[in-house]
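K.L.:
I have a structure I would like to understand better, so I am pasting it below and will then ask my questions one at a time.
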Amino acid sequence: MKKLIILSIIFLFGYQSQAQNWTEPTYVTKTGGWYLDPEFCIDHEGIIHCVWQDVYEQFYSQIFYSNSHDNGLTWTDAINVSQNSEYRVSDPHIVCDSENNLHLSYDYNSNSVTAIQIYYQMFS
């Protein structure tokens, strides 16, 4: 029994000490601004979804979305999901629910202290 415990401990430490390998970096964003607040989620089919804030000016930005069907090796062209043409939008968050629907929230008019709003969008 003592030998079994010792072998189990050796196996456990040997398994944990194996080095993990990272893939090469992949360029997700293909738009032309200053990128902030990227957020990722993975749906039940293994598709990786990404949203980020694309800043063009101090008081103007948009939220973009892209996804990958091959574990992040390639990404779809970015889609402007905020369709914002006036204000700063920021802090996007994306999640996938139990029915594989995507839920997106972000701050709208985020430069304002008194008029900031939280926007929500769903993609099924």
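Convention: chains lettered A, B, ... in structure tokens order; per-chain residue numbering from 1; ligands numbered from 1 as shown.
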Neighbours of Met122 of chain A within 9 Å (only C-alpha atoms; same-chain residues fewer than 5 positions away dropped), as a list in words?

P.N.:
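The filter keeps Asn101, Leu102, His103, Leu104 and Ser105 of chain A.
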
K.L.:
Go ahead and save the residues from that selection, with C-alpha atoms, as an mmCIF file, in the first residue's frame.

P.N.:
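part15.cif, written as the output of this step:
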data_model
loop_
_atom_site.group_PDB
_atom_site.id
_atom_site.type_symbol
_atom_site.label_atom_id
_atom_site.label_comp_id
_atom_site.auth_asym_id
_atom_site.auth_seq_id
_atom_site.Cartn_x
_atom_site.Cartn_y
_atom_site.Cartn_z
ATOM 1 C CA ASN A 101 -27.190 32.618 -27.456
ATOM 2 C CA LEU A 102 -24.607 35.389 -27.189
ATOM 3 C CA HIS A 103 -25.261 38.308 -24.851
ATOM 4 C CA LEU A 104 -23.333 41.567 -25.164
ATOM 5 C CA SER A 105 -23.347 44.560 -22.832
#

K.L.:
Do a neighbour search on Val95 of chain A at 12 Å with only C-alpha atoms, toss out local chain neighbours closer than 3 positions, and write the hits as a PyMOL selection string.

P.N.:
chain A and resi 39-44+48-51+92+98-105+120-124

K.L.:
For Ser90 of chain A, work out the shell of residues within 7 Å, counting only C-alpha atoms and skipping chain neighbours fewer than 6 positions away, then give it as a PyMOL selection string.

P.N.:
chain A and resi 53+106-108+110

K.L.:
Need to verify the contact set: Val55 of chain A, 7 Å, only C-alpha atoms, exclusion of same-chain residues closer than 5 positions in sequence. Can you return it as an MDAnalysis selection string?

P.N.:
chainID A and resid 33:35 60:62

K.L.:
Those residues you just picked out, can you put them in a file as an mmCIF file, in the first residue's frame with C-alpha atoms?

P.N.:
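Contents of the output file part_23.cif:
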data_model
loop_
_atom_site.group_PDB
_atom_site.id
_atom_site.type_symbol
_atom_site.label_atom_id
_atom_site.label_comp_id
_atom_site.auth_asym_id
_atom_site.auth_seq_id
_atom_site.Cartn_x
_atom_site.Cartn_y
_atom_site.Cartn_z
ATOM 1 C CA GLY A 33 -8.221 52.243 -34.329
ATOM 2 C CA TRP A 34 -6.853 51.974 -30.838
ATOM 3 C CA TYR A 35 -8.056 48.712 -29.244
ATOM 4 C CA TYR A 60 -15.752 58.498 -30.066
ATOM 5 C CA SER A 61 -15.399 54.716 -30.267
ATOM 6 C CA GLN A 62 -17.242 51.603 -31.428
#

K.L.:
Please report, as a list in words, each residue of chain A to which DSSP assigns helix (DSSP H, G or I) when run on this structure's backbone.

P.N.:
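The helix (DSSP H, G or I) subset of chain A is Lys2, Lys3, Leu4, Ile5, Ile6, Leu7, Ser8, Ile9, Ile10, Phe11, Leu12, Phe13, Gly14, Tyr15 and Gln16 of chain A.
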
K.L.:
Restricting it to N, CA, C and O atoms, dump the selection as a compact mmCIF listing (two decimals), in the first residue's frame.

P.N.:
# COMPACT_ATOMS: atom_id res chain seq x y z
N LYS A 2 1.99 1.17 0.77
CA LYS A 2 2.90 2.30 0.85
C LYS A 2 3.52 2.60 -0.53
O LYS A 2 3.65 3.75 -0.92
N LYS A 3 3.87 1.55 -1.25
CA LYS A 3 4.44 1.71 -2.58
C LYS A 3 3.44 2.36 -3.54
O LYS A 3 3.80 3.17 -4.39
N LEU A 4 2.16 2.00 -3.40
CA LEU A 4 1.11 2.56 -4.25
C LEU A 4 0.96 4.05 -4.01
O LEU A 4 0.83 4.84 -4.95
N ILE A 5 1.02 4.46 -2.76
CA ILE A 5 0.92 5.89 -2.42
C ILE A 5 2.12 6.64 -2.98
O ILE A 5 1.98 7.71 -3.57
N ILE A 6 3.32 6.08 -2.81
CA ILE A 6 4.53 6.74 -3.32
C ILE A 6 4.48 6.84 -4.84
O ILE A 6 4.77 7.88 -5.42
N LEU A 7 4.07 5.78 -5.53
CA LEU A 7 3.95 5.82 -6.99
C LEU A 7 2.90 6.83 -7.43
O LEU A 7 3.08 7.53 -8.43
N SER A 8 1.80 6.91 -6.71
CA SER A 8 0.75 7.88 -7.04
C SER A 8 1.26 9.31 -6.90
O SER A 8 0.99 10.16 -7.74
N ILE A 9 2.01 9.57 -5.85
CA ILE A 9 2.57 10.92 -5.63
C ILE A 9 3.57 11.25 -6.73
O ILE A 9 3.56 12.35 -7.29
N ILE A 10 4.45 10.32 -7.07
CA ILE A 10 5.43 10.55 -8.14
C ILE A 10 4.70 10.81 -9.46
O ILE A 10 5.05 11.72 -10.21
N PHE A 11 3.70 10.01 -9.76
CA PHE A 11 2.94 10.20 -10.99
C PHE A 11 2.24 11.56 -11.01
O PHE A 11 2.25 12.27 -12.01
N LEU A 12 1.65 11.94 -9.89
CA LEU A 12 0.93 13.22 -9.80
C LEU A 12 1.87 14.39 -10.01
O LEU A 12 1.59 15.29 -10.80
N PHE A 13 3.02 14.39 -9.35
CA PHE A 13 3.99 15.48 -9.52
C PHE A 13 4.60 15.47 -10.92
O PHE A 13 4.85 16.51 -11.50
N GLY A 14 4.86 14.29 -11.45
CA GLY A 14 5.40 14.19 -12.80
C GLY A 14 4.43 14.71 -13.84
O GLY A 14 4.80 15.37 -14.80
N TYR A 15 3.16 14.45 -13.66
CA TYR A 15 2.13 14.92 -14.59
C TYR A 15 1.97 16.43 -14.52
O TYR A 15 1.83 17.09 -15.53
N GLN A 16 2.02 17.00 -13.32
CA GLN A 16 1.85 18.44 -13.15
C GLN A 16 3.05 19.24 -13.63
O GLN A 16 2.92 20.40 -13.97

K.L.:
Among chain A, which residues carry a DSSP assignment of strand (DSSP E), reported as an NGL selection string?

P.N.:
:A and (34-42 or 48-57 or 60-68 or 79-80 or 89-96 or 102-108 or 117-123)

K.L.:
Which neighbours of segment 79-84 of chain A fall inside 7 Å, counting only C-alpha atoms, when residues of the same chain fewer than 2 positions from it are skipped, and could you give them as a compact mmCIF listing (two decimals) with N, CA, C and O atoms, in the first residue's frame?

P.N.:
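Done, and the output landed in out-v6.txt:
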# COMPACT_ATOMS: atom_id res chain seq x y z
N GLN A 62 -16.24 52.58 -31.04
CA GLN A 62 -17.24 51.60 -31.43
C GLN A 62 -16.88 50.24 -30.84
O GLN A 62 -15.72 50.00 -30.52
N ILE A 63 -17.87 49.36 -30.76
CA ILE A 63 -17.65 48.00 -30.29
C ILE A 63 -17.67 47.08 -31.51
O ILE A 63 -18.61 47.11 -32.31
N PHE A 64 -16.63 46.26 -31.64
CA PHE A 64 -16.51 45.32 -32.75
C PHE A 64 -16.55 43.88 -32.24
O PHE A 64 -16.24 43.61 -31.08
N TYR A 65 -16.93 42.97 -33.15
CA TYR A 65 -17.06 41.55 -32.85
C TYR A 65 -16.39 40.72 -33.95
O TYR A 65 -16.46 41.06 -35.13
N SER A 66 -15.74 39.63 -33.53
CA SER A 66 -15.17 38.67 -34.47
C SER A 66 -15.24 37.29 -33.82
O SER A 66 -15.39 37.18 -32.60
N ASP A 77 -13.80 38.61 -40.36
CA ASP A 77 -13.71 40.06 -40.44
C ASP A 77 -14.52 40.68 -39.31
O ASP A 77 -15.58 40.18 -38.95
N GLU A 86 -21.78 58.66 -32.57
CA GLU A 86 -21.69 59.93 -31.84
C GLU A 86 -20.81 59.91 -30.60
O GLU A 86 -20.12 60.87 -30.34
N TYR A 87 -20.85 58.84 -29.82
CA TYR A 87 -20.29 58.87 -28.47
C TYR A 87 -19.20 57.84 -28.27
O TYR A 87 -18.89 57.04 -29.13

K.L.:
So what do you get for atom CA of Gly46 of chain A versus atom CA of Asp91 of chain A, distance-wise?

P.N.:
24.0 Å

K.L.:
Show me, as a PyMOL selection string, the residues that have an atom within 6 Å of Ser68 of chain A when counting only C-alpha atoms, minus same-chain residues fewer than 6 positions from it.

P.N.:
chain A and resi 47-48+74-75

K.L.:
Once you have the residues from the selection above, write them out as a compact mmCIF listing (two decimals), in the first residue's frame, restricted to all heavy atoms.

P.N.:
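The result, stored in result-v8.txt:
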# COMPACT_ATOMS: atom_id res chain seq x y z
N ILE A 47 -16.85 27.52 -30.70
CA ILE A 47 -16.53 28.75 -31.41
C ILE A 47 -16.10 29.81 -30.41
O ILE A 47 -16.76 30.02 -29.39
CB ILE A 47 -17.74 29.25 -32.23
CG1 ILE A 47 -18.14 28.20 -33.26
CG2 ILE A 47 -17.41 30.58 -32.93
CD1 ILE A 47 -19.47 28.49 -33.94
N ILE A 48 -14.97 30.46 -30.68
CA ILE A 48 -14.47 31.52 -29.81
C ILE A 48 -15.03 32.85 -30.31
O ILE A 48 -14.92 33.17 -31.50
CB ILE A 48 -12.94 31.57 -29.80
CG1 ILE A 48 -12.34 30.21 -29.43
CG2 ILE A 48 -12.45 32.66 -28.84
CD1 ILE A 48 -10.84 30.13 -29.61
N THR A 74 -7.57 31.43 -37.08
CA THR A 74 -8.03 32.48 -37.99
C THR A 74 -9.29 33.12 -37.42
O THR A 74 -10.02 32.48 -36.65
CB THR A 74 -8.34 31.93 -39.40
OG1 THR A 74 -9.37 30.95 -39.30
CG2 THR A 74 -7.10 31.33 -40.04
N TRP A 75 -9.54 34.36 -37.81
CA TRP A 75 -10.67 35.12 -37.28
C TRP A 75 -11.46 35.74 -38.42
O TRP A 75 -10.90 36.12 -39.45
CB TRP A 75 -10.16 36.23 -36.34
CG TRP A 75 -9.60 35.65 -35.09
CD1 TRP A 75 -8.33 35.20 -34.89
CD2 TRP A 75 -10.30 35.40 -33.87
NE1 TRP A 75 -8.19 34.70 -33.63
CE2 TRP A 75 -9.39 34.81 -32.98
CE3 TRP A 75 -11.60 35.63 -33.45
CZ2 TRP A 75 -9.74 34.44 -31.68
CZ3 TRP A 75 -11.96 35.26 -32.16
CH2 TRP A 75 -11.03 34.67 -31.29

K.L.:
For atom CA of Ala78 of chain A and atom CA of Pro25 of chain A, determine how far apart the two atoms are, in Å to one decimal place.

P.N.:
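Separating atom CA of Ala78 of chain A from atom CA of Pro25 of chain A is a distance of 17.7 Å.
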
K.L.:
Give me the residues within 8 Å of Asn109 of chain A as a count of residues only, counting only C-alpha atoms and dropping any in the same chain fewer than 2 places off.

P.N.:
9

K.L.:
So which one's closest to Thr76 of chain A, A:Gln58, A:Thr114, A:Thr29, A:Asn21? Using only C-alpha atoms, please.

P.N.:
A:Thr29
